[in-house]
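K.L.:
One structure follows; several queries about it will come next.
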Amino acid sequence: MKPRRTTLSVPGHIEKMHTKASQSKADVVMLDLEDSVPVEAKERARATVIRSMFALDWQEKTLIFRINGLDTPFGYRDLLEVVEAAGPQIDAVVVPKVDHPGDIHFVCRMLDGIEMQKGFSKRIGIEALIESAAGLEQVSATARASDRLKTLVFGIVDYSVSIGARLVSISGHGEKEEKVYPGHRWNFEMSRIVMAAKAHGLRVIDAPYGNFKDPEGLRRSAAMACALGYDGKWAIHPDQIDIINQVFSPSKEDIARAEKVLAAHREAENKGLGAVAVEGRMVDRATVRLAKQLYEQARYLNMIP
């Protein structure tokens with residue numbers, strides 16, 4: 001499975017940024033039609049996104065685009081026009097502000113119709129942004145709403161607005177949290193989304209870190225998300241890509257530990273044992289599954305032969 005460590009968000013109406021994104025080390029590029037595009041540029045942005053999807057070499061990247069909210073006059077037109085024109089180029093549609101599984105049902109039905117009418121053989125996935133208290137309350141129902149759904153994404157700023165949380169930084173994207181809360185302020189929300197995603201076989205991606213000139217803050221934020229079970233994190237600036245990729249990639253120590261666990265498991269199987277001790281610690285089948293996941297990711301990233 002392709003890694004989803006870094007999703008680089010790029011304004012849909014700024015074509016030169018698309019070129020840079022296609023040449024970046026991001027695993028995923030998201031061409032955005034929503035928050036980063038001013039109202040007067042919405043229609044032009046659709047045409048720009050379609051042109052870039054065909055004109056640029058996206059290499060092995062996963063290519064997705066974000067529509068405007070379904071509660072706006074732009075969302076359904078984004079979906080219709082971009083998918084009809086460039087469906088075979090698109091891996092997934094990102095749906096913002098998903099408050100109810102009905103939002104996913106709508107997008108899924110639209111995609112069904114477009115693919116049938118255009119004769120597309122490639123089936124387009126859906127990524128759902130959980131950005132409100134209502135969305136979090138419905139997250140389990142949303143996670144099982146469609147087999148097109150591939151990913152849940154935490155939207156921290158809009159979620160903060162929805163619950164009336166305090167604004168503690170200019171961007172509102174995760175900085176200075178330790179100054180207002182003695183712990184991880186979003187631990188419950190992030191863990192709740194992880195639970196829903198993993199229970200239904202979905203990937204889960206963390207919100208962006210707003211201060212792209214604060215690499216250490218970004219590293220802490222990414223490490224926390226990784227520890228909670230997130231598969232990757234959005235980036236809003238190319239300078240953030242390397243740090244996020246590094247955090248969400250297995251380290252040499254991780255790989256060595258996984259190899260040790262897998263070797264011990266093979267030995268246990270040969271002896272007919274269900275579990276075995278390694279360095280005084282019990283290794284059972286759950287531990288082996290974790291080791292296999294990490295080892296396969298490292299292999300995909302060419303970190304091991």
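Order determines the names: the first chain of the structure tokens is A, the second B, and so forth; residues in each chain are numbered 1 upward, and ligands are numbered 1 upward as they are shown.
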Would you give me, as CSV, each residue of range 77-161 of chain A having an atom within 10 Å of an atom of range 230-249 of chain A, along with its shortest atom pair and that distance in Å to one decimal, using only C-alpha atoms and sorting by chain and residue number?

P.N.:
residue,atom,partner,partner_atom,distance
A:Thr151,CA,A:Asp231,CA,9.7
A:Leu152,CA,A:Tyr230,CA,9.9
A:Val153,CA,A:Lys233,CA,8.7
A:Phe154,CA,A:Lys233,CA,9.4
A:Gly155,CA,A:Trp234,CA,9.9

K.L.:
As a PyMOL selection string, list the residues of range 103-168 of chain A assigned to strand (DSSP E or B) by DSSP on the backbone atoms of this structure.

P.N.:
chain A and resi 125-130+149-154

K.L.:
Please, what distance in Å, to one decimal, runs between CA of Pro38 in chain A and CA of Thr72 in chain A?

P.N.:
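Calculated distance between CA of Pro38 in chain A and CA of Thr72 in chain A is 13.5 Å.
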
K.L.:
A:Ala263, A:Leu218, A:Leu70, A:Ile130: which is nearest Val194 in chain A, counting only C-alpha atoms?

P.N.:
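Smallest distance to Val194 in chain A is found for A:Ile130.
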
K.L.:
Compile the contact shell of Gly201 in chain A as a ChimeraX atom specification: residues with an atom at most 10 Å away, counting only C-alpha atoms, same-chain residues fewer than 6 positions apart removed.

P.N.:
/A:143-144,149-151

K.L.:
Got time to write the residues from that selection, C-alpha atoms, as a compact mmCIF listing (two decimals), in the first residue's frame?

P.N.:
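The resulting file, part_7.txt, is reproduced below:
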# COMPACT_ATOMS: atom_id res chain seq x y z
CA ALA A 143 -16.46 5.65 8.56
CA ARG A 144 -18.79 2.88 7.38
CA LEU A 149 -14.15 5.94 1.75
CA LYS A 150 -10.40 5.52 2.17
CA THR A 151 -9.32 8.11 4.73

K.L.:
Pick out the residues sitting within 12 Å of Asp214 in chain A, and hand them over as a PDB file with N, CA and C atoms, in the first residue's frame; count only C-alpha atoms, and ignore anything fewer than 2 positions along from it in its own chain.

P.N.:
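File written: around_17.pdb
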ATOM      1  N   GLY A 174      -2.508  24.122  15.854  1.00  0.00           N
ATOM      2  CA  GLY A 174      -1.738  23.249  16.718  1.00  0.00           C
ATOM      3  C   GLY A 174      -0.557  23.847  17.447  1.00  0.00           C
ATOM      4  N   GLU A 175      -0.256  25.140  17.263  1.00  0.00           N
ATOM      5  CA  GLU A 175       0.898  25.714  17.956  1.00  0.00           C
ATOM      6  C   GLU A 175       0.511  26.200  19.354  1.00  0.00           C
ATOM      7  N   LYS A 176       1.486  26.209  20.242  1.00  0.00           N
ATOM      8  CA  LYS A 176       1.373  26.755  21.602  1.00  0.00           C
ATOM      9  C   LYS A 176       0.302  26.079  22.443  1.00  0.00           C
ATOM     10  N   TYR A 209       0.199  21.610  10.588  1.00  0.00           N
ATOM     11  CA  TYR A 209       0.789  22.455  11.631  1.00  0.00           C
ATOM     12  C   TYR A 209       1.018  23.825  11.002  1.00  0.00           C
ATOM     13  N   GLY A 210       0.413  24.852  11.588  1.00  0.00           N
ATOM     14  CA  GLY A 210       0.304  26.137  10.912  1.00  0.00           C
ATOM     15  C   GLY A 210       1.571  26.941  10.749  1.00  0.00           C
ATOM     16  N   ASN A 211       2.519  26.828  11.681  1.00  0.00           N
ATOM     17  CA  ASN A 211       3.728  27.653  11.619  1.00  0.00           C
ATOM     18  C   ASN A 211       4.817  26.906  10.866  1.00  0.00           C
ATOM     19  N   PHE A 212       4.937  27.170   9.573  1.00  0.00           N
ATOM     20  CA  PHE A 212       5.903  26.420   8.769  1.00  0.00           C
ATOM     21  C   PHE A 212       7.344  26.880   9.020  1.00  0.00           C
ATOM     22  N   GLU A 216      10.715  22.435  14.892  1.00  0.00           N
ATOM     23  CA  GLU A 216      10.643  21.596  16.081  1.00  0.00           C
ATOM     24  C   GLU A 216       9.213  21.415  16.565  1.00  0.00           C
ATOM     25  N   GLY A 217       8.422  22.491  16.456  1.00  0.00           N
ATOM     26  CA  GLY A 217       7.010  22.361  16.799  1.00  0.00           C
ATOM     27  C   GLY A 217       6.304  21.379  15.871  1.00  0.00           C
ATOM     28  N   LEU A 218       6.636  21.442  14.595  1.00  0.00           N
ATOM     29  CA  LEU A 218       6.079  20.504  13.623  1.00  0.00           C
ATOM     30  C   LEU A 218       6.478  19.074  13.967  1.00  0.00           C
ATOM     31  N   ARG A 219       7.743  18.879  14.326  1.00  0.00           N
ATOM     32  CA  ARG A 219       8.213  17.534  14.657  1.00  0.00           C
ATOM     33  C   ARG A 219       7.456  16.977  15.871  1.00  0.00           C
ATOM     34  N   ARG A 220       7.253  17.814  16.891  1.00  0.00           N
ATOM     35  CA  ARG A 220       6.509  17.362  18.070  1.00  0.00           C
ATOM     36  C   ARG A 220       5.077  17.001  17.714  1.00  0.00           C
ATOM     37  N   SER A 221       4.450  17.839  16.902  1.00  0.00           N
ATOM     38  CA  SER A 221       3.063  17.606  16.511  1.00  0.00           C
ATOM     39  C   SER A 221       2.936  16.320  15.701  1.00  0.00           C
ATOM     40  N   HIS A 237       3.218  23.716   3.495  1.00  0.00           N
ATOM     41  CA  HIS A 237       4.392  24.346   2.883  1.00  0.00           C
ATOM     42  C   HIS A 237       5.399  23.241   2.557  1.00  0.00           C
ATOM     43  N   ASP A 239       8.483  23.134   2.831  1.00  0.00           N
ATOM     44  CA  ASP A 239       9.535  22.979   3.843  1.00  0.00           C
ATOM     45  C   ASP A 239       9.144  22.003   4.948  1.00  0.00           C
ATOM     46  N   GLN A 240       7.870  21.675   5.060  1.00  0.00           N
ATOM     47  CA  GLN A 240       7.418  20.760   6.107  1.00  0.00           C
ATOM     48  C   GLN A 240       7.525  19.290   5.694  1.00  0.00           C
ATOM     49  N   ILE A 243      10.407  16.773   7.273  1.00  0.00           N
ATOM     50  CA  ILE A 243      10.218  16.435   8.686  1.00  0.00           C
ATOM     51  C   ILE A 243       9.067  15.448   8.862  1.00  0.00           C
TER      52      ILE A 243
END

K.L.:
Neighbours of Gln117 in chain A within 10 Å (only C-alpha atoms; same-chain residues fewer than 5 positions away dropped), as a PyMOL selection string?

P.N.:
chain A and resi 84+111-112

K.L.:
When DSSP works through the backbone of this structure, what residues of range 25-173 of chain A end up as helix (DSSP H, G or I), shown as JSON, numbers by chain?

P.N.:
{"A": [39, 40, 41, 42, 43, 44, 45, 46, 47, 48, 49, 50, 51, 52, 53, 54, 55, 75, 76, 77, 78, 79, 80, 81, 82, 83, 84, 85, 86, 87, 88, 89, 101, 102, 103, 104, 105, 106, 107, 108, 109, 110, 111, 112, 113, 114, 115, 116, 117, 118, 133, 134, 135, 136, 137, 139, 140, 141, 142, 143, 156, 157, 158, 159, 160, 161, 162, 163]}

K.L.:
If you measure from CA of Asp147 in chain A to CA of Ala128 in chain A, what distance in Å do you get, rounded to one decimal?

P.N.:
12.5 Å

K.L.:
For Leu301 in chain A, work out the shell of residues within 10 Å, counting only C-alpha atoms and skipping chain neighbours fewer than 4 positions away, then give it as an NGL selection string.

P.N.:
:A and (2-3 or 249-250 or 295-297 or 305)

K.L.:
Just want the 9 Å neighbourhood of Gln23 in chain A, counted on only C-alpha atoms, with same-chain residues fewer than 2 positions away dropped. Output as a ChimeraX atom specification.

P.N.:
/A:18-21,25-26,57-59

K.L.:
What's the separation between CA of Thr7 in chain A and CA of Asp35 in chain A, in Å to one decimal place?

P.N.:
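These atoms are spaced 15.7 Å apart.
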
K.L.:
Which one is closest to His184 in chain A: A:Val161, A:Val82, A:Ala225, A:Ala197? Count only C-alpha atoms.

P.N.:
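The closest residue to His184 in chain A is A:Ala225.
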